[in-house]
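**Student:** Below is the structure I would like to discuss, written out as structure tokens.
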Amino acid sequence: MLLTVPALAIVLAGCGGGGGATTGSAAPGARAIQVKEMEYALAPGKITIAKPGTVVFDAVNAGKMGHALAIEGNGVDKETGTIDAGSSAKLTVDLKKAGTYELYCPIDGHKQLGMKATVVVGGGGGSSGTTSTKGGGGGIPGY
Ligand SMILES: [Cu+2]
């Protein structure tokens, strides 16, 4: 029996506060991003993600023919099968590295016709980010 797993999941969700307002019902920590596919474009054309992590691209085929969704870059190379017109598919990828990734439709010629988008993953660590007020622990004010 896996009785401890749901309890653990609840605990993790409970203390995972502080992130962005994630209203979706995706797995904890995963971001869901919807990408519309049509002839011949992807929308949005540029996706910015604050920091590395797991991303679920929800590819919706809003076009009139079959499409698919692929992502490539920084060692990542993954794609869905063909998505029929009116259907959708999920592409889950672990974008571990900050940098630029290319999202595109791998079906013959579609990328060249404009079915591509840029995904930029931010560094996470850096100037902005979480500035906690915990002060290094040993901070004795006034010393
Ligand atoms: Cu396509």
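Chains: A, B, ... in order of the structure tokens. Residues: from 1 per chain. Ligands: from 1, in order shown.
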Find the residues around Leu91 (chain A) up to 7 Å (only C-alpha atoms counted), leave out those fewer than 6 positions away in its own chain, and share them as a list in words.
**Tutor:**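 Counting only the stated atoms, we get Val56, Phe57, Asp58, Glu79 and Thr80 of chain A.
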**Student:** For the selection you just gave me, I'd like the residues written to a file as a PDB file, in the first residue's frame, keeping all heavy atoms.
**Tutor:**
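This is the output file part.pdb:
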ATOM      1  N   VAL A  56       5.378  21.422 -18.541  1.00  0.00           N
ATOM      2  CA  VAL A  56       4.438  20.628 -19.329  1.00  0.00           C
ATOM      3  C   VAL A  56       3.859  21.544 -20.400  1.00  0.00           C
ATOM      4  O   VAL A  56       3.130  22.478 -20.094  1.00  0.00           O
ATOM      5  CB  VAL A  56       3.301  20.069 -18.446  1.00  0.00           C
ATOM      6  CG1 VAL A  56       2.348  19.241 -19.287  1.00  0.00           C
ATOM      7  CG2 VAL A  56       3.864  19.246 -17.298  1.00  0.00           C
ATOM      8  N   PHE A  57       4.243  21.292 -21.634  1.00  0.00           N
ATOM      9  CA  PHE A  57       3.678  22.065 -22.735  1.00  0.00           C
ATOM     10  C   PHE A  57       2.396  21.365 -23.162  1.00  0.00           C
ATOM     11  O   PHE A  57       2.400  20.180 -23.470  1.00  0.00           O
ATOM     12  CB  PHE A  57       4.658  22.131 -23.907  1.00  0.00           C
ATOM     13  CG  PHE A  57       5.860  22.991 -23.632  1.00  0.00           C
ATOM     14  CD1 PHE A  57       7.073  22.412 -23.293  1.00  0.00           C
ATOM     15  CD2 PHE A  57       5.768  24.370 -23.681  1.00  0.00           C
ATOM     16  CE1 PHE A  57       8.181  23.206 -23.021  1.00  0.00           C
ATOM     17  CE2 PHE A  57       6.868  25.166 -23.404  1.00  0.00           C
ATOM     18  CZ  PHE A  57       8.077  24.577 -23.079  1.00  0.00           C
ATOM     19  N   ASP A  58       1.318  22.102 -23.144  1.00  0.00           N
ATOM     20  CA  ASP A  58       0.028  21.576 -23.549  1.00  0.00           C
ATOM     21  C   ASP A  58      -0.200  22.054 -24.987  1.00  0.00           C
ATOM     22  O   ASP A  58      -0.594  23.191 -25.207  1.00  0.00           O
ATOM     23  CB  ASP A  58      -1.039  22.115 -22.587  1.00  0.00           C
ATOM     24  CG  ASP A  58      -2.379  21.441 -22.794  1.00  0.00           C
ATOM     25  OD1 ASP A  58      -2.426  20.432 -23.519  1.00  0.00           O
ATOM     26  OD2 ASP A  58      -3.372  21.939 -22.246  1.00  0.00           O
ATOM     27  N   GLU A  79       9.824  15.149 -28.462  1.00  0.00           N
ATOM     28  CA  GLU A  79       8.691  15.560 -29.275  1.00  0.00           C
ATOM     29  C   GLU A  79       7.484  14.680 -29.074  1.00  0.00           C
ATOM     30  O   GLU A  79       7.589  13.540 -28.624  1.00  0.00           O
ATOM     31  CB  GLU A  79       9.087  15.598 -30.753  1.00  0.00           C
ATOM     32  CG  GLU A  79       9.416  14.251 -31.357  1.00  0.00           C
ATOM     33  CD  GLU A  79       9.875  14.385 -32.805  1.00  0.00           C
ATOM     34  OE1 GLU A  79      10.944  14.951 -33.040  1.00  0.00           O
ATOM     35  OE2 GLU A  79       9.139  13.918 -33.686  1.00  0.00           O
ATOM     36  N   THR A  80       6.336  15.215 -29.407  1.00  0.00           N
ATOM     37  CA  THR A  80       5.088  14.452 -29.329  1.00  0.00           C
ATOM     38  C   THR A  80       4.910  13.715 -30.645  1.00  0.00           C
ATOM     39  O   THR A  80       5.621  13.975 -31.612  1.00  0.00           O
ATOM     40  CB  THR A  80       3.865  15.388 -29.168  1.00  0.00           C
ATOM     41  OG1 THR A  80       3.716  16.156 -30.363  1.00  0.00           O
ATOM     42  CG2 THR A  80       4.013  16.323 -27.985  1.00  0.00           C
TER      43      THR A  80
END
**Student:** Using only C-alpha atoms and all ligand atoms, find each residue of chain A with at least one atom at most 12 Å away from an atom of ligand 1; report its shortest atom-to-atom pair and that distance in Å (one decimal), sort the rows by chain and rising residue number, and return the result as a Markdown table.
**Tutor:**
| residue | atom | partner | partner_atom_place_in_ligand_line | distance |
| --- | --- | --- | --- | --- |
| A:Lys36 | CA | ligand 1 | 1 (Cu) | 10.7 |
| A:Glu37 | CA | ligand 1 | 1 (Cu) | 7.1 |
| A:Met38 | CA | ligand 1 | 1 (Cu) | 7.0 |
| A:Glu39 | CA | ligand 1 | 1 (Cu) | 6.8 |
| A:Tyr40 | CA | ligand 1 | 1 (Cu) | 6.7 |
| A:Ala41 | CA | ligand 1 | 1 (Cu) | 8.0 |
| A:Leu42 | CA | ligand 1 | 1 (Cu) | 8.9 |
| A:Ala59 | CA | ligand 1 | 1 (Cu) | 11.2 |
| A:Val60 | CA | ligand 1 | 1 (Cu) | 11.3 |
| A:Asn61 | CA | ligand 1 | 1 (Cu) | 8.8 |
| A:Ala62 | CA | ligand 1 | 1 (Cu) | 10.6 |
| A:Gly63 | CA | ligand 1 | 1 (Cu) | 8.7 |
| A:Lys64 | CA | ligand 1 | 1 (Cu) | 9.9 |
| A:Met65 | CA | ligand 1 | 1 (Cu) | 7.6 |
| A:Gly66 | CA | ligand 1 | 1 (Cu) | 6.4 |
| A:His67 | CA | ligand 1 | 1 (Cu) | 3.8 |
| A:Ala68 | CA | ligand 1 | 1 (Cu) | 5.9 |
| A:Leu69 | CA | ligand 1 | 1 (Cu) | 7.8 |
| A:Ala70 | CA | ligand 1 | 1 (Cu) | 10.2 |
| A:Thr80 | CA | ligand 1 | 1 (Cu) | 11.5 |
| A:Gly81 | CA | ligand 1 | 1 (Cu) | 11.2 |
| A:Thr82 | CA | ligand 1 | 1 (Cu) | 8.7 |
| A:Ile83 | CA | ligand 1 | 1 (Cu) | 9.0 |
| A:Asp84 | CA | ligand 1 | 1 (Cu) | 10.1 |
| A:Ala85 | CA | ligand 1 | 1 (Cu) | 10.1 |
| A:Leu103 | CA | ligand 1 | 1 (Cu) | 11.5 |
| A:Tyr104 | CA | ligand 1 | 1 (Cu) | 8.0 |
| A:Cys105 | CA | ligand 1 | 1 (Cu) | 4.7 |
| A:Pro106 | CA | ligand 1 | 1 (Cu) | 6.7 |
| A:Ile107 | CA | ligand 1 | 1 (Cu) | 5.2 |
| A:Asp108 | CA | ligand 1 | 1 (Cu) | 7.6 |
| A:Gly109 | CA | ligand 1 | 1 (Cu) | 7.9 |
| A:His110 | CA | ligand 1 | 1 (Cu) | 4.8 |
| A:Lys111 | CA | ligand 1 | 1 (Cu) | 7.1 |
| A:Gln112 | CA | ligand 1 | 1 (Cu) | 9.9 |
| A:Leu113 | CA | ligand 1 | 1 (Cu) | 8.8 |
| A:Gly114 | CA | ligand 1 | 1 (Cu) | 9.0 |
| A:Met115 | CA | ligand 1 | 1 (Cu) | 6.3 |
| A:Lys116 | CA | ligand 1 | 1 (Cu) | 9.2 |
**Student:** Excluding same-chain residues fewer than 6 positions from region 73-78 of chain A, what lies within 12 Å of it counting only C-alpha atoms, as a list of chain:residue names?
**Tutor:**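 Neighbouring residues, sequence-local ones excluded: A:Pro52, A:Thr54, A:Val56, A:Phe57, A:Lys90, A:Leu91, A:Thr92, A:Val93, A:Asp94, A:Leu95, A:Lys96, A:Lys97, A:Ala98, A:Gly99, A:Thr100, A:Tyr101, A:Glu102, A:Leu103, A:Tyr104, A:Cys105, A:Pro106, A:Thr118, A:Val119, A:Val120, A:Val121.
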**Student:** Between A:Arg31, A:Ile71, A:Ala117, A:Ala89, single out the one closest to Ala50 (chain A), counting only C-alpha atoms.
**Tutor:**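 Ranking A:Arg31, A:Ile71, A:Ala117, A:Ala89 by distance to Ala50 (chain A), first place goes to A:Arg31.
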